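Asks: Here's a structure for you.
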Amino acid sequence: MKTSRTASALAILAVLAVAGCGNDKAPVASGDQNSDKSPLAAYMGDGFTSSSGGGGFKVAIRAGGAQQPSEEELAKQRKVEDATAACMKTAGFDYVAVPPEQNAKSKFTDAFNLPPDKFAEQYGYGISTIDWSKAGDDDTNPNTKIRAALSPSAQKAYDKALNGPNANGSGAVVIQGSGGGPSNTGQQDLGCRGKAVEQVYGKGEDRAADFKKFDSLFKDIQALQKRIETDQRVVDATSAWSDCLADAGHTGFKKVDDPRTQVQQKLDALTGNKPPAKGSGPAKTITGPPSFDKVDSAKLSELRKFEIDLAVADQKCKANGYDDAYKKVQYDAEKEFVDQHKAELEAYRDEMANR
C-alpha cells in the first residue's frame, strides 16, 4: 500500500466496467495462495488479506472480490450481463448473457488451490509460468465463439461496442482524467459493458467518492502495515529468511517481496512491458497482462526454471520461522487496531455491504 487507497480505488473502479463484471478473467496476484484471513478481514471483507509473502494489505474494492460472491452480488452480475446483451443488440451485435455461476471457476482455479509448497514446485509465483493474457480464453463461452466467427474488421467493431473506443486488445482502457481517475466530464465511453455496470453499480466517480471518506482509515491501515514490517521480531525473521535464501544459492534478497519483484522485472524485460516509473502516480492507461506469444521461448523457459527454483527456496525459508513470526506480530497488531478503530471499521463494512 505505497499509493493512496483512494487512488487505487479510482484505478480499480475505472477498469471494473471492462473487466470486473464481464466474462473475462482478471489476473490473480501472484503469491495469493500464501495469504491468510486476519482480524481485519471481518471488517474489510473476504477480499482483504495480509500476506507474510510480502506486498502488504490487499482490499477487495467491490463486494465479492476474489472470494465466492454473495447471492446479492450474483444477482447484480446477472443484471450486468442482461443489460450488456440488450445494449449489444441495439448496437447490432449478438451477445449472450452468461450467468456468473458459469464463469465461477477460472482455468487456473485448481492451480491456486494447491498448497503453497506444491504451487511453488509447479508454478513458482505464477508470474512467468502462467500466461495471464490467455486467462480470458474460454471455449465454453458463447460470446467467444460469436466474436471468432466475425471478420477482423467486424471483431474490432464488436470490441468497440462492448468495451468502448479506448479499450485496447487486452481490454485495457485509457483514463482521460488526471491522477488515474475517470474523466471529470463523465463522458468516458466504456461501451455496453461499462454502461451496464453503471446502471447496476452506479457511476465510477460516485463510487470513488464514497471511498474518499475512508481516507483516514486507509492511512491508519498503511501505518499499521509499517509497524508490523518494522517490528523487531519481523526484522529478525526477515534477516534469517534472507540468510536462508543465500544458503540456498539465492543472494541479495533483503525484503520478502524482492524475489517476486525480481522475477516480474525479468519478465517485463522479456515482454517489453514498461510499468509506471516510481513516483509517477497512477498510470494513465490501465493495461492488461502482456502476451508471451512473441517472447523468445528459450529465454522464457530459462526464466520459468529460475522462478520455480527461487520460489521453492523462498517458500521453504519462509516456512522455516518467518511465517510464524510475521503472523504472530500481524494478528496481535490487527487485534489492537480493531479495538481502536471499531466504529470506522464497522462503517466501512456497512458501506461495502450496501454495494
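Residue numbers start at 1 in each chain; chains themselves are named A, B, ... in the order of the C-alpha cells; ligands are numbered from 1 in the order shown.
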Set the distance at 12 Å and use only C-alpha atoms: which residues neighbour A:Asp268 once local chain neighbours fewer than 5 positions away are removed? I'd like the list as a ChimeraX atom specification.

Replies: /A:127-128,261-263,273-276,289-292,295,300,303

Asks: The selected residues should be written to file as a CSV table (one decimal), in the first residue's frame (atoms: all heavy atoms).

Replies:
```csv
chain,number,residue,atom,x,y,z
A,127,ILE,N,4.1,-16.1,-12.1
A,127,ILE,CA,4.4,-14.8,-12.9
A,127,ILE,C,4.7,-15.2,-14.3
A,127,ILE,O,4.0,-14.8,-15.2
A,127,ILE,CB,5.5,-14.0,-12.2
A,127,ILE,CG1,5.1,-13.6,-10.8
A,127,ILE,CG2,5.9,-12.8,-13.1
A,127,ILE,CD1,6.2,-12.9,-10.0
A,128,SER,N,5.9,-15.8,-14.6
A,128,SER,CA,6.2,-16.2,-15.9
A,128,SER,C,5.7,-17.5,-16.3
A,128,SER,O,5.7,-17.9,-17.5
A,128,SER,CB,7.8,-16.2,-16.1
A,128,SER,OG,8.3,-17.3,-15.3
A,261,THR,N,9.5,-9.6,-7.0
A,261,THR,CA,9.8,-8.4,-7.8
A,261,THR,C,10.8,-8.7,-8.9
A,261,THR,O,10.7,-8.2,-10.0
A,261,THR,CB,10.2,-7.3,-6.9
A,261,THR,OG1,9.2,-7.0,-6.0
A,261,THR,CG2,10.5,-6.0,-7.7
A,262,GLN,N,11.9,-9.4,-8.5
A,262,GLN,CA,12.9,-9.7,-9.5
A,262,GLN,C,12.4,-10.5,-10.7
A,262,GLN,O,12.7,-10.3,-11.8
A,262,GLN,CB,14.1,-10.4,-8.8
A,262,GLN,CG,15.3,-10.6,-9.8
A,262,GLN,CD,16.4,-11.3,-9.1
A,262,GLN,OE1,16.7,-12.4,-9.3
A,262,GLN,NE2,17.2,-10.5,-8.3
A,263,VAL,N,11.6,-11.5,-10.4
A,263,VAL,CA,11.0,-12.3,-11.4
A,263,VAL,C,10.1,-11.5,-12.3
A,263,VAL,O,10.2,-11.6,-13.6
A,263,VAL,CB,10.2,-13.5,-10.8
A,263,VAL,CG1,9.5,-14.2,-12.0
A,263,VAL,CG2,11.1,-14.4,-10.1
A,273,ASN,N,7.3,-5.1,-21.5
A,273,ASN,CA,6.3,-4.3,-20.7
A,273,ASN,C,7.1,-3.3,-19.9
A,273,ASN,O,8.1,-3.6,-19.3
A,273,ASN,CB,5.6,-5.3,-19.8
A,273,ASN,CG,4.5,-4.6,-19.0
A,273,ASN,OD1,3.7,-3.9,-19.6
A,273,ASN,ND2,4.4,-4.9,-17.8
A,274,LYS,N,6.5,-2.1,-19.9
A,274,LYS,CA,7.1,-1.0,-19.1
A,274,LYS,C,6.2,-0.5,-18.0
A,274,LYS,O,5.3,0.3,-18.3
A,274,LYS,CB,7.5,0.2,-20.0
A,274,LYS,CG,8.6,-0.2,-21.0
A,274,LYS,CD,9.0,1.0,-21.9
A,274,LYS,CE,10.1,0.6,-22.9
A,274,LYS,NZ,10.5,1.7,-23.8
A,275,PRO,N,6.3,-0.9,-16.8
A,275,PRO,CA,5.5,-0.5,-15.7
A,275,PRO,C,5.7,1.0,-15.4
A,275,PRO,O,6.8,1.5,-15.8
A,275,PRO,CB,5.8,-1.4,-14.5
A,275,PRO,CG,7.3,-1.8,-14.8
A,275,PRO,CD,7.3,-1.9,-16.3
A,276,PRO,N,4.8,1.7,-14.8
A,276,PRO,CA,4.9,3.1,-14.5
A,276,PRO,C,6.2,3.3,-13.6
A,276,PRO,O,6.5,2.5,-12.8
A,276,PRO,CB,3.7,3.5,-13.7
A,276,PRO,CG,2.7,2.5,-14.1
A,276,PRO,CD,3.5,1.2,-14.4
A,289,PRO,N,-2.4,-7.9,-18.9
A,289,PRO,CA,-1.1,-8.6,-18.8
A,289,PRO,C,-0.5,-8.8,-20.2
A,289,PRO,O,-1.2,-9.0,-21.2
A,289,PRO,CB,-1.5,-10.0,-18.2
A,289,PRO,CG,-2.9,-10.1,-18.5
A,289,PRO,CD,-3.5,-8.8,-18.5
A,290,PRO,N,0.8,-8.7,-20.3
A,290,PRO,CA,1.5,-8.8,-21.6
A,290,PRO,C,1.4,-10.3,-22.1
A,290,PRO,O,1.4,-11.2,-21.4
A,290,PRO,CB,2.9,-8.5,-21.4
A,290,PRO,CG,3.1,-8.8,-19.9
A,290,PRO,CD,1.8,-8.5,-19.3
A,291,SER,N,1.3,-10.4,-23.4
A,291,SER,CA,1.2,-11.7,-24.0
A,291,SER,C,2.6,-12.3,-24.2
A,291,SER,O,3.6,-11.6,-24.3
A,291,SER,CB,0.6,-11.7,-25.4
A,291,SER,OG,0.7,-12.9,-26.1
A,292,PHE,N,2.7,-13.7,-24.1
A,292,PHE,CA,4.0,-14.3,-24.2
A,292,PHE,C,4.2,-14.8,-25.7
A,292,PHE,O,5.2,-15.4,-26.0
A,292,PHE,CB,4.1,-15.6,-23.3
A,292,PHE,CG,4.0,-15.3,-21.8
A,292,PHE,CD1,3.9,-16.3,-20.9
A,292,PHE,CD2,4.1,-14.0,-21.4
A,292,PHE,CE1,3.9,-16.0,-19.5
A,292,PHE,CE2,4.1,-13.7,-20.0
A,292,PHE,CZ,4.0,-14.7,-19.1
A,295,VAL,N,7.6,-13.8,-27.2
A,295,VAL,CA,8.7,-13.9,-26.3
A,295,VAL,C,9.6,-15.1,-26.8
A,295,VAL,O,9.1,-16.1,-27.2
A,295,VAL,CB,8.3,-14.1,-24.9
A,295,VAL,CG1,9.4,-14.4,-24.0
A,295,VAL,CG2,7.5,-12.9,-24.4
A,300,LEU,N,12.3,-17.6,-22.1
A,300,LEU,CA,11.1,-17.8,-21.3
A,300,LEU,C,11.2,-19.1,-20.4
A,300,LEU,O,11.0,-19.1,-19.2
A,300,LEU,CB,9.8,-17.8,-22.1
A,300,LEU,CG,8.5,-17.9,-21.3
A,300,LEU,CD1,8.4,-16.8,-20.3
A,300,LEU,CD2,7.3,-18.0,-22.2
A,303,LEU,N,13.7,-18.5,-17.7
A,303,LEU,CA,13.1,-17.7,-16.6
A,303,LEU,C,12.2,-18.5,-15.8
A,303,LEU,O,12.2,-18.4,-14.5
A,303,LEU,CB,12.4,-16.5,-17.2
A,303,LEU,CG,11.6,-15.6,-16.2
A,303,LEU,CD1,12.6,-15.1,-15.1
A,303,LEU,CD2,10.9,-14.4,-17.0
```
